[in-house]
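Colleague: I am sharing input_16.txt, which consists of compact mmCIF, C-alpha atoms and all ligand atoms:
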# COMPACT_ATOMS: atom_id res chain seq x y z
CA MET A 1 -4.02 38.23 2.67
CA GLU A 2 -5.95 38.96 -0.51
CA ASP A 3 -4.23 35.95 -2.16
CA LEU A 4 -5.29 33.77 0.75
CA ARG A 5 -8.88 34.99 0.42
CA ASN A 6 -9.02 34.42 -3.36
CA LYS A 7 -7.40 31.01 -3.06
CA TYR A 8 -9.87 29.65 -0.50
CA LEU A 9 -13.00 31.24 -1.96
CA GLU A 10 -12.08 29.71 -5.33
CA LEU A 11 -11.35 26.27 -3.82
CA VAL A 12 -14.59 26.31 -1.83
CA SER A 13 -16.64 27.32 -4.82
CA GLY A 14 -15.12 24.48 -6.91
CA ALA A 15 -15.47 21.77 -4.21
CA ALA A 16 -17.18 18.67 -5.59
CA ASP A 17 -18.50 17.24 -2.34
CA GLU A 18 -18.70 17.53 1.43
CA ALA A 19 -15.48 15.60 2.01
CA VAL A 20 -13.50 18.15 -0.04
CA LEU A 21 -15.20 20.99 1.88
CA GLU A 22 -14.15 19.44 5.18
CA GLU A 23 -10.54 19.16 3.98
CA LEU A 24 -10.61 22.82 2.97
CA ARG A 25 -12.05 23.83 6.35
CA VAL A 26 -9.23 22.09 8.20
CA GLN A 27 -6.66 23.52 5.81
CA ALA A 28 -7.96 27.12 6.11
CA VAL A 29 -9.63 27.71 9.48
CA GLY A 30 -8.77 24.54 11.42
CA LYS A 31 -6.60 24.78 14.56
CA LYS A 32 -3.44 24.40 12.49
CA GLY A 33 -4.89 25.95 9.36
CA GLU A 34 -3.38 28.79 7.40
CA ILE A 35 -5.61 31.51 8.92
CA SER A 36 -5.00 30.26 12.47
CA LEU A 37 -1.25 30.32 11.87
CA LYS A 38 -1.55 33.89 10.61
CA MET A 39 -3.51 34.77 13.76
CA ARG A 40 -0.74 33.37 15.89
CA GLU A 41 1.63 35.79 14.18
CA LEU A 42 -0.44 38.74 15.54
CA GLY A 43 1.49 38.39 18.85
CA LYS A 44 4.70 39.33 17.14
CA MET A 45 3.25 42.48 15.57
CA THR A 46 3.24 46.03 16.83
CA PRO A 47 -0.05 47.10 18.49
CA GLU A 48 -0.76 49.33 15.46
CA GLU A 49 -0.25 46.51 12.99
CA ARG A 50 -2.29 44.20 15.23
CA GLN A 51 -5.18 46.63 15.28
CA VAL A 52 -5.34 46.54 11.48
CA MET A 53 -4.55 42.84 10.87
CA GLY A 54 -6.61 41.39 13.76
CA PRO A 55 -10.06 42.42 12.48
CA LYS A 56 -9.03 41.67 8.88
CA LEU A 57 -8.06 38.09 9.78
CA ASN A 58 -11.23 37.63 11.83
CA ALA A 59 -13.31 38.94 8.93
CA LEU A 60 -11.49 36.60 6.52
CA LYS A 61 -12.10 33.64 8.84
CA ASP A 62 -15.82 34.55 9.01
CA GLU A 63 -16.00 34.97 5.25
CA ILE A 64 -14.43 31.54 4.59
CA ASN A 65 -16.67 29.88 7.20
CA SER A 66 -19.75 31.43 5.55
CA ALA A 67 -18.54 30.36 2.08
CA LEU A 68 -18.04 26.81 3.42
CA ALA A 69 -21.56 26.76 4.94
CA ALA A 70 -23.14 28.19 1.78
CA LYS A 71 -21.36 25.68 -0.45
CA LYS A 72 -22.36 22.82 1.86
CA ALA A 73 -26.00 23.88 1.60
CA ALA A 74 -25.73 24.24 -2.19
CA LEU A 75 -24.25 20.73 -2.52
CA ALA A 76 -27.04 19.28 -0.35
CA ASP A 77 -29.65 21.06 -2.50
CA ALA A 78 -28.10 19.73 -5.69
CA ALA A 79 -28.03 16.18 -4.26
CA LEU A 80 -31.71 16.44 -3.31
CA ASP A 81 -32.57 17.79 -6.77
CA ALA A 82 -30.79 14.86 -8.40
CA ARG A 83 -32.62 12.37 -6.16
CA LEU A 84 -35.98 13.93 -6.85
CA LYS A 85 -35.29 13.69 -10.58
CA THR A 86 -34.52 9.96 -10.45
CA GLU A 87 -37.23 9.08 -7.90
CA TRP A 88 -39.94 10.95 -9.73
CA LEU A 89 -43.42 9.55 -9.17
CA ASP A 90 -46.60 10.54 -10.93
CA VAL A 91 -49.22 10.34 -8.19
CA THR A 92 -51.94 11.28 -10.67
CA LEU A 93 -51.57 8.00 -12.63
CA PRO A 94 -54.55 5.65 -12.27
CA SER A 95 -53.78 2.65 -10.04
CA ARG A 96 -53.09 -0.80 -11.49
CA THR A 97 -56.28 -2.79 -12.01
CA ARG A 98 -56.51 -5.88 -9.81
CA ARG A 99 -58.16 -8.89 -11.38
CA GLN A 100 -60.99 -10.18 -9.23
CA GLY A 101 -61.74 -13.86 -8.91
CA SER A 102 -65.08 -15.48 -8.27
CA ILE A 103 -66.19 -18.93 -7.21
CA HIS A 104 -67.29 -21.00 -10.20
CA PRO A 105 -70.97 -22.04 -10.13
CA ILE A 106 -69.94 -25.69 -10.58
CA SER A 107 -67.69 -25.49 -7.51
CA GLN A 108 -70.38 -23.74 -5.51
CA VAL A 109 -73.09 -26.23 -6.46
CA THR A 110 -70.74 -29.15 -5.69
CA GLU A 111 -70.24 -27.68 -2.23
CA GLU A 112 -73.96 -27.11 -1.75
CA VAL A 113 -74.78 -30.69 -2.80
CA THR A 114 -72.02 -32.10 -0.59
CA ALA A 115 -73.27 -30.16 2.43
CA ILE A 116 -76.86 -31.41 2.00
CA PHE A 117 -75.83 -35.06 1.63
CA ALA A 118 -73.37 -34.70 4.52
CA ASP A 119 -76.35 -33.76 6.73
CA MET A 120 -77.93 -37.09 5.74
CA GLY A 121 -74.79 -39.02 6.70
CA PHE A 122 -73.14 -39.36 3.27
CA ALA A 123 -69.33 -39.11 3.10
CA VAL A 124 -67.49 -37.89 -0.03
CA ALA A 125 -65.39 -40.40 -1.99
CA GLU A 126 -63.05 -39.52 -4.86
CA GLY A 127 -61.03 -41.53 -7.37
CA PRO A 128 -58.99 -41.38 -10.59
CA GLN A 129 -60.32 -39.71 -13.75
CA ILE A 130 -58.32 -42.10 -15.97
CA GLU A 131 -59.68 -45.57 -15.32
CA THR A 132 -59.27 -49.16 -16.44
CA ASP A 133 -62.11 -50.43 -18.59
CA TRP A 134 -62.80 -52.94 -15.83
CA TYR A 135 -63.69 -50.26 -13.22
CA ASN A 136 -65.49 -48.05 -15.75
CA PHE A 137 -67.46 -50.80 -17.55
CA ASP A 138 -67.11 -54.50 -16.61
CA ALA A 139 -67.56 -54.01 -12.85
CA LEU A 140 -70.70 -52.04 -13.63
CA ASN A 141 -72.21 -54.90 -15.60
CA ILE A 142 -71.39 -53.31 -18.96
CA PRO A 143 -69.54 -56.07 -20.86
CA GLY A 144 -67.44 -55.49 -24.01
CA HIS A 145 -70.25 -56.06 -26.49
CA HIS A 146 -72.81 -54.02 -24.53
CA PRO A 147 -74.31 -51.12 -26.53
CA ALA A 148 -73.88 -48.80 -23.49
CA ARG A 149 -70.12 -48.78 -24.15
CA ALA A 150 -70.71 -47.32 -27.60
CA GLU A 151 -73.50 -45.03 -26.34
CA MET A 152 -71.18 -43.47 -23.80
CA ASP A 153 -68.88 -41.98 -26.48
CA THR A 154 -65.83 -43.00 -24.51
CA PHE A 155 -62.39 -41.34 -24.82
CA TYR A 156 -59.74 -44.08 -25.03
CA THR A 157 -56.01 -43.71 -24.34
CA HIS A 158 -53.40 -45.23 -26.67
CA ARG A 159 -51.33 -48.27 -25.78
CA ALA A 160 -47.78 -48.68 -27.03
CA GLU A 161 -47.25 -50.84 -30.15
CA GLY A 162 -47.48 -54.49 -29.21
CA ASP A 163 -49.14 -53.80 -25.86
CA ASN A 164 -52.39 -55.68 -26.23
CA ARG A 165 -53.90 -54.90 -22.85
CA PRO A 166 -57.22 -53.05 -23.08
CA PRO A 167 -56.70 -49.29 -23.13
CA HIS A 168 -57.43 -47.02 -20.20
CA VAL A 169 -60.42 -44.71 -20.59
CA LEU A 170 -61.40 -41.26 -19.30
CA ARG A 171 -64.12 -42.24 -16.84
CA THR A 172 -67.58 -41.75 -18.37
CA HIS A 173 -69.21 -41.59 -14.91
CA THR A 174 -68.01 -41.49 -11.31
CA SER A 175 -69.35 -45.04 -10.71
CA PRO A 176 -65.79 -46.55 -10.64
CA VAL A 177 -65.28 -44.64 -7.37
CA GLN A 178 -68.17 -46.57 -5.81
CA ILE A 179 -66.67 -49.90 -6.95
CA ARG A 180 -63.30 -48.91 -5.48
CA THR A 181 -64.97 -47.90 -2.20
CA MET A 182 -66.90 -51.19 -2.02
CA GLU A 183 -63.60 -53.08 -2.44
CA LYS A 184 -61.83 -50.95 0.12
CA THR A 185 -64.37 -50.66 2.95
CA GLY A 186 -67.05 -53.28 2.30
CA ALA A 187 -70.67 -52.62 3.37
CA PRO A 188 -72.42 -50.76 4.90
CA ILE A 189 -71.67 -47.72 2.72
CA ARG A 190 -73.15 -44.26 2.46
CA ILE A 191 -71.19 -42.08 0.01
CA ILE A 192 -71.51 -39.51 -2.72
CA CYS A 193 -68.96 -39.26 -5.52
CA PRO A 194 -68.74 -35.83 -7.14
CA GLY A 195 -66.30 -35.19 -9.96
CA ARG A 196 -65.39 -34.68 -13.58
CA VAL A 197 -66.48 -37.17 -16.21
CA TYR A 198 -65.79 -37.32 -19.96
CA ARG A 199 -67.78 -38.21 -23.05
CA ALA A 200 -66.96 -37.41 -26.69
CA ASP A 201 -69.99 -35.23 -27.27
CA TYR A 202 -70.33 -31.49 -27.92
CA ASP A 203 -73.42 -29.40 -28.62
CA GLN A 204 -75.70 -26.94 -26.84
CA THR A 205 -76.60 -29.45 -24.12
CA HIS A 206 -73.39 -31.56 -24.00
CA THR A 207 -69.75 -30.78 -23.28
CA PRO A 208 -66.91 -33.36 -23.52
CA MET A 209 -66.15 -32.82 -19.83
CA PHE A 210 -68.96 -32.40 -17.35
CA HIS A 211 -69.61 -33.01 -13.66
CA GLN A 212 -71.60 -35.67 -11.89
CA VAL A 213 -72.48 -36.52 -8.39
CA GLU A 214 -73.38 -40.13 -7.85
CA GLY A 215 -74.64 -41.61 -4.60
CA LEU A 216 -74.51 -45.08 -3.10
CA ALA A 217 -76.19 -46.40 0.06
CA LEU A 218 -75.70 -50.06 0.97
CA GLY A 219 -77.06 -51.81 4.05
CA LYS A 220 -79.05 -54.86 5.13
CA ASP A 221 -82.47 -53.44 4.33
CA ILE A 222 -82.08 -50.28 2.26
CA SER A 223 -84.95 -49.92 -0.21
CA MET A 224 -86.27 -47.70 -2.99
CA ALA A 225 -88.46 -46.00 -0.39
CA ASN A 226 -85.26 -44.74 1.26
CA LEU A 227 -84.06 -43.58 -2.16
CA LYS A 228 -87.22 -41.57 -2.74
CA TRP A 229 -87.02 -39.93 0.69
CA VAL A 230 -83.32 -39.06 0.29
CA LEU A 231 -83.88 -37.55 -3.16
CA GLU A 232 -86.91 -35.48 -2.11
CA GLU A 233 -85.04 -34.28 0.94
CA PHE A 234 -82.09 -33.37 -1.26
CA PHE A 235 -84.08 -31.47 -3.93
CA SER A 236 -86.12 -29.60 -1.34
CA ALA A 237 -82.97 -28.48 0.50
CA PHE A 238 -81.15 -27.63 -2.74
CA PHE A 239 -83.96 -25.55 -4.28
CA GLY A 240 -85.12 -24.15 -0.94
CA THR A 241 -88.74 -25.25 -1.43
CA HIS A 242 -90.62 -28.55 -1.20
CA VAL A 243 -90.04 -30.50 -4.43
CA GLU A 244 -92.16 -33.52 -5.46
CA THR A 245 -90.41 -36.32 -7.37
CA ARG A 246 -91.82 -38.75 -9.95
CA PHE A 247 -90.19 -42.12 -10.57
CA ARG A 248 -90.47 -43.64 -14.07
CA ALA A 249 -89.37 -47.22 -14.78
CA SER A 250 -86.18 -47.31 -16.83
CA HIS A 251 -83.16 -49.45 -17.54
CA PHE A 252 -79.48 -49.15 -16.66
CA PRO A 253 -77.06 -52.09 -16.68
CA PHE A 254 -75.88 -51.32 -13.12
CA THR A 255 -79.26 -51.09 -11.36
CA GLU A 256 -82.30 -53.37 -11.12
CA PRO A 257 -85.00 -52.15 -10.88
CA SER A 258 -84.06 -48.78 -12.39
CA ALA A 259 -85.88 -45.47 -12.38
CA GLU A 260 -85.50 -42.10 -14.01
CA VAL A 261 -86.52 -39.37 -11.63
CA ASP A 262 -88.37 -36.18 -12.57
CA ILE A 263 -88.86 -33.14 -10.36
CA GLN A 264 -91.98 -31.01 -10.21
CA CYS A 265 -91.76 -27.71 -12.11
CA SER A 266 -93.67 -25.01 -13.97
CA TRP A 267 -92.88 -23.59 -17.42
CA GLU A 268 -93.83 -19.95 -17.95
CA ASP A 269 -92.50 -17.65 -20.71
CA GLY A 270 -89.73 -20.17 -21.36
CA GLN A 271 -88.73 -20.02 -17.67
CA VAL A 272 -88.54 -23.16 -15.53
CA LYS A 273 -89.47 -22.91 -11.85
CA VAL A 274 -88.75 -25.93 -9.70
CA GLY A 275 -91.07 -27.00 -6.85
CA GLU A 276 -94.30 -25.59 -8.29
CA GLY A 277 -96.70 -26.27 -11.15
CA ASN A 278 -97.81 -29.45 -12.93
CA ASP A 279 -94.89 -30.15 -15.27
CA TRP A 280 -92.05 -32.57 -14.76
CA LEU A 281 -88.35 -32.24 -15.52
CA GLU A 282 -86.08 -35.27 -15.81
CA VAL A 283 -82.99 -34.76 -13.66
CA LEU A 284 -81.48 -38.07 -12.66
CA GLY A 285 -81.15 -41.81 -13.00
CA SER A 286 -81.28 -44.28 -10.13
CA GLY A 287 -82.16 -47.74 -8.94
CA MET A 288 -81.28 -50.64 -6.68
CA VAL A 289 -77.67 -51.72 -7.24
CA HIS A 290 -77.53 -54.79 -9.52
CA PRO A 291 -76.40 -57.98 -7.70
CA LYS A 292 -73.63 -58.47 -10.28
CA VAL A 293 -72.29 -54.99 -9.48
CA LEU A 294 -72.28 -55.76 -5.74
CA GLU A 295 -70.35 -58.95 -6.50
CA ALA A 296 -67.85 -57.05 -8.65
CA GLY A 297 -67.21 -54.80 -5.63
CA GLY A 298 -66.68 -57.84 -3.40
CA ILE A 299 -70.00 -57.52 -1.55
CA ASP A 300 -72.36 -60.46 -1.04
CA PRO A 301 -75.70 -59.59 -2.70
CA ASN A 302 -77.46 -62.08 -0.40
CA GLU A 303 -76.38 -60.07 2.61
CA TYR A 304 -76.44 -56.46 1.39
CA GLN A 305 -78.54 -54.34 -0.93
CA GLY A 306 -78.96 -50.66 -1.61
CA PHE A 307 -79.67 -47.81 -3.97
CA ALA A 308 -77.54 -45.72 -6.32
CA PHE A 309 -78.23 -42.57 -8.28
CA GLY A 310 -76.50 -40.18 -10.66
CA ILE A 311 -77.10 -36.46 -11.27
CA GLY A 312 -75.44 -33.97 -13.62
CA ILE A 313 -74.04 -31.07 -11.53
CA ASP A 314 -73.87 -28.71 -14.52
CA ARG A 315 -77.60 -29.22 -15.13
CA LEU A 316 -78.35 -28.59 -11.44
CA ALA A 317 -76.34 -25.34 -11.50
CA MET A 318 -78.16 -24.13 -14.62
CA LEU A 319 -81.55 -24.90 -13.09
CA LYS A 320 -80.85 -23.26 -9.74
CA TYR A 321 -79.12 -20.14 -11.04
CA GLY A 322 -81.02 -19.71 -14.33
CA ILE A 323 -77.97 -20.14 -16.57
CA PRO A 324 -79.33 -20.90 -20.06
CA ASP A 325 -76.27 -22.23 -21.92
CA LEU A 326 -73.78 -24.86 -20.75
CA ARG A 327 -71.00 -23.14 -22.67
CA ALA A 328 -71.12 -20.25 -20.17
CA PHE A 329 -69.27 -22.54 -17.72
CA PHE A 330 -66.20 -22.49 -19.98
CA ASP A 331 -66.20 -18.74 -20.61
CA SER A 332 -63.37 -16.93 -18.84
CA ASP A 333 -65.21 -13.58 -18.84
CA LEU A 334 -66.48 -13.05 -15.30
CA ARG A 335 -69.23 -10.59 -16.28
CA TRP A 336 -71.72 -13.38 -16.90
CA LEU A 337 -70.94 -14.83 -13.46
CA ARG A 338 -71.72 -11.51 -11.79
CA HIS A 339 -74.91 -11.36 -13.86
CA TYR A 340 -76.07 -14.60 -12.23
CA GLY A 341 -75.18 -13.32 -8.78
CA PHE A 342 -71.79 -14.96 -8.19
CA ALA A 343 -69.84 -12.41 -6.16
CA SER A 344 -66.09 -12.04 -6.18
CA LEU A 345 -64.19 -13.94 -3.56
CA ASP A 346 -62.97 -11.96 -0.57
CA GLN A 347 -60.44 -14.68 -0.04
CA PRO A 348 -59.57 -17.37 -2.56
CA THR A 349 -60.60 -20.86 -1.45
CA LEU A 350 -59.33 -24.22 -2.62
CA HIS A 351 -62.46 -26.35 -2.49
CA GLY A 352 -62.72 -24.55 0.83
CA GLY A 353 -65.57 -22.78 2.54
CA LEU A 354 -68.34 -21.09 0.62
CA ALA A 355 -67.22 -17.64 -0.44
CA ARG A 356 -70.29 -15.50 0.09
C1 LIG B 1 -72.64 -48.31 -8.67
C2 LIG B 1 -73.88 -48.85 -8.92
C3 LIG B 1 -74.84 -48.10 -9.54
C4 LIG B 1 -75.46 -44.75 -10.71
C5 LIG B 1 -76.54 -44.33 -11.65
C6 LIG B 1 -77.61 -43.24 -13.24
C7 LIG B 1 -78.52 -44.22 -12.97
C8 LIG B 1 -77.81 -42.20 -14.27
C9 LIG B 1 -77.00 -40.17 -15.27
C10 LIG B 1 -77.65 -39.01 -14.65
C11 LIG B 1 -77.36 -37.79 -15.46
C12 LIG B 1 -75.65 -39.73 -15.72
O1 LIG B 1 -74.88 -37.29 -15.38
S1 LIG B 1 -75.78 -38.05 -16.10
O2 LIG B 1 -75.80 -37.94 -17.51
N1 LIG B 1 -76.86 -41.26 -14.34
O3 LIG B 1 -78.76 -42.20 -14.98
N2 LIG B 1 -76.47 -43.33 -12.51
S2 LIG B 1 -77.94 -45.17 -11.74
O4 LIG B 1 -75.55 -46.11 -10.53
C13 LIG B 1 -74.58 -46.80 -9.93
C14 LIG B 1 -73.36 -46.26 -9.66
C15 LIG B 1 -72.38 -47.02 -9.02
C16 LIG B 1 -71.60 -49.12 -7.99
For this file, produce the structure as structure tokens.
Ligand code: 2U9
Modeller:
Amino acid sequence: MEDLRNKYLELVSGAADEAVLEELRVQAVGKKGEISLKMRELGKMTPEERQVMGPKLNALKDEINSALAAKKAALADAALDARLKTEWLDVTLPSRTRRQGSIHPISQVTEEVTAIFADMGFAVAEGPQIETDWYNFDALNIPGHHPARAEMDTFYTHRAEGDNRPPHVLRTHTSPVQIRTMEKTGAPIRIICPGRVYRADYDQTHTPMFHQVEGLALGKDISMANLKWVLEEFFSAFFGTHVETRFRASHFPFTEPSAEVDIQCSWEDGQVKVGEGNDWLEVLGSGMVHPKVLEAGGIDPNEYQGFAFGIGIDRLAMLKYGIPDLRAFFDSDLRWLRHYGFASLDQPTLHGGLAR
């Protein structure tokens, strides 16, 4: 009996897992286990022997059952300890920083401009940024020898050796989009063409890539008076105050007559304010589309006429939001954006709705 006790208490204490414990339980106190068999032998004993052995066997059975339960609990504790060690988590660590995005002022201003012209019935047209020299220059009445080609500081692509076709160019304005639209839809036309343009120029007021929005309105009797109204309507809506415009005679190869347009402003302590004061700020070029340009787009200049204009979007953004240096647009540090009031996006947009 003592041997039996020692044997099982030792086995239980050395059991490696619950499965071994279960085997031991069956072997010791199960229905056909060693203790149960011993209990069956009680029937063959004398009443005196039975009185001694009965309680001893019952006590042994209880002791082994308790040892089994205690070991089971100890194994479970050890397993939990091991898990807690491997799944350790420091809840006091600071959380990971999440980078916040923000709409770019150029994107926002492009959307603002688009919305204002859309209200006046202008659709948006887009086209390639790598153009043939025909769409970028010839169709716009800028022939090969014309000084405007040199003035525009054009980026040219390379042709393969022996390929003598004229090289493609990075478009120097979005005007090729208007030519393509004229070819595709014919007149009447009312479009704006926002987008990236490229000129090999870099200083405080020029970057090799910048953004333009050009406009084109063609119809049977569209005049410069319509141009002036559209532009004043646009500037007043964009700056949120009535803005006077001043037209000065100018020259562009693609328009005749041509005008540079100034907007009314005040200069105080080096600060420009649009829509007040007696100063003028040059912001765009415009004119009536040259008959040769209409012809290049497949439109009969005896039947249709209209105006065109071009504005720099980067300039507009700087004026409206008081951004002093163009180079800020290429800075990836968002602090300057917040400084000018551009909030983080709640939800990222892809050209989508205004994130405000
Ligand atoms: C077609 C016909 C005529 C678009 C025009 C200008 C004058 C102009 C500048 C403004 C600031 C470029 O971004 S900028 O540097 N643009 O002065 N643009 S008229 O005339 C067109 C366009 C397309 C078919």
Colleague: Enumerate residues in contact with ligand LIG 1 (chain B): an atom-to-atom distance of at most 6 Å, counting only C-alpha atoms and all ligand atoms. Format the result as a PyMOL selection string.
Modeller: chain A and resi 175+178-179+212+214+254-255+284-287+289+308-312
Colleague: For a quick check of understanding, using all atoms listed in the file, which of A:Ala74, A:Ala118, A:Val274, A:Leu281 has the smallest distance to Ala15 of chain A?
Modeller: A:Ala74
Colleague: Place a sphere of radius 8 Å on (-69.6, -23.2, -13.2) in the file coordinates and name every protein, DNA or RNA residue with an atom inside or on its surface, counting all atoms listed in the file; give the answer as a count of residues only.
Modeller: 10
Colleague: Between A:Leu80, A:Val26, A:Val283, A:Val230, single out the one closest to Ile116 of chain A, counting only C-alpha atoms.
Modeller: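 Under the stated criterion, the closest residue is A:Val230.
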Colleague: Enter the distance from atom CA of Gly219 of chain A to atom CA of Arg180 of chain A, in Å, rounded to one decimal.
Modeller: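 Separating atom CA of Gly219 of chain A from atom CA of Arg180 of chain A is a distance of 17.0 Å.
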Colleague: Point out the residue among A:Pro166, A:Gly33, A:Gly306, A:Pro257 with the least atom-to-atom distance to Leu227 of chain A, counting only C-alpha atoms.
Modeller: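 Closest to Leu227 of chain A of all the choices is A:Gly306.
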Colleague: Rounded to one decimal place, report the atom CA of Asn65 of chain A-atom CA of Arg83 of chain A distance in Å.
Modeller: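 Atom CA of Arg83 of chain A lies at a distance of 27.2 Å from atom CA of Asn65 of chain A.
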Colleague: With distances taken over only C-alpha atoms, which residue among A:Gln51, A:Thr46, A:Thr245, A:Ser66 lies nearest Leu21 of chain A?
Modeller: A:Ser66
Colleague: With 12 Å as the cut-off and all atoms listed in the file counted, what is the closest atom pair between each nearby residue of segment 205-229 of chain A and segment 139-157 of chain A? Distances in Å to one decimal, ordered by chain and number, as CSV.
Modeller:
residue,atom,partner,partner_atom,distance
A:His206,CA,A:Asp153,CA,11.6
A:Thr207,CA,A:Asp153,CA,11.7
A:Pro208,CA,A:Phe155,CA,9.3
A:Met209,CA,A:Phe155,CA,10.6
Colleague: Quote the spacing between atom CA of Ala200 of chain A and atom CA of Thr172 of chain A in Å to one decimal place.
Modeller: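 Between these atoms lies a distance of 9.4 Å.
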Colleague: In terms of the shortest atom-to-atom distance over all atoms listed in the file, which of A:Phe239, A:Asp300, A:Ala225, A:Arg246 is closest to Gly322 of chain A?
Modeller: A:Phe239
Colleague: With 6 Å as the threshold, what does the neighbourhood of (-74.2, -24.7, -24.6) contain in terms of residues, counting all atoms listed in the file? Coordinates are those of the file; answer as a PyMOL selection string.
Modeller: chain A and resi 204-205+325-327
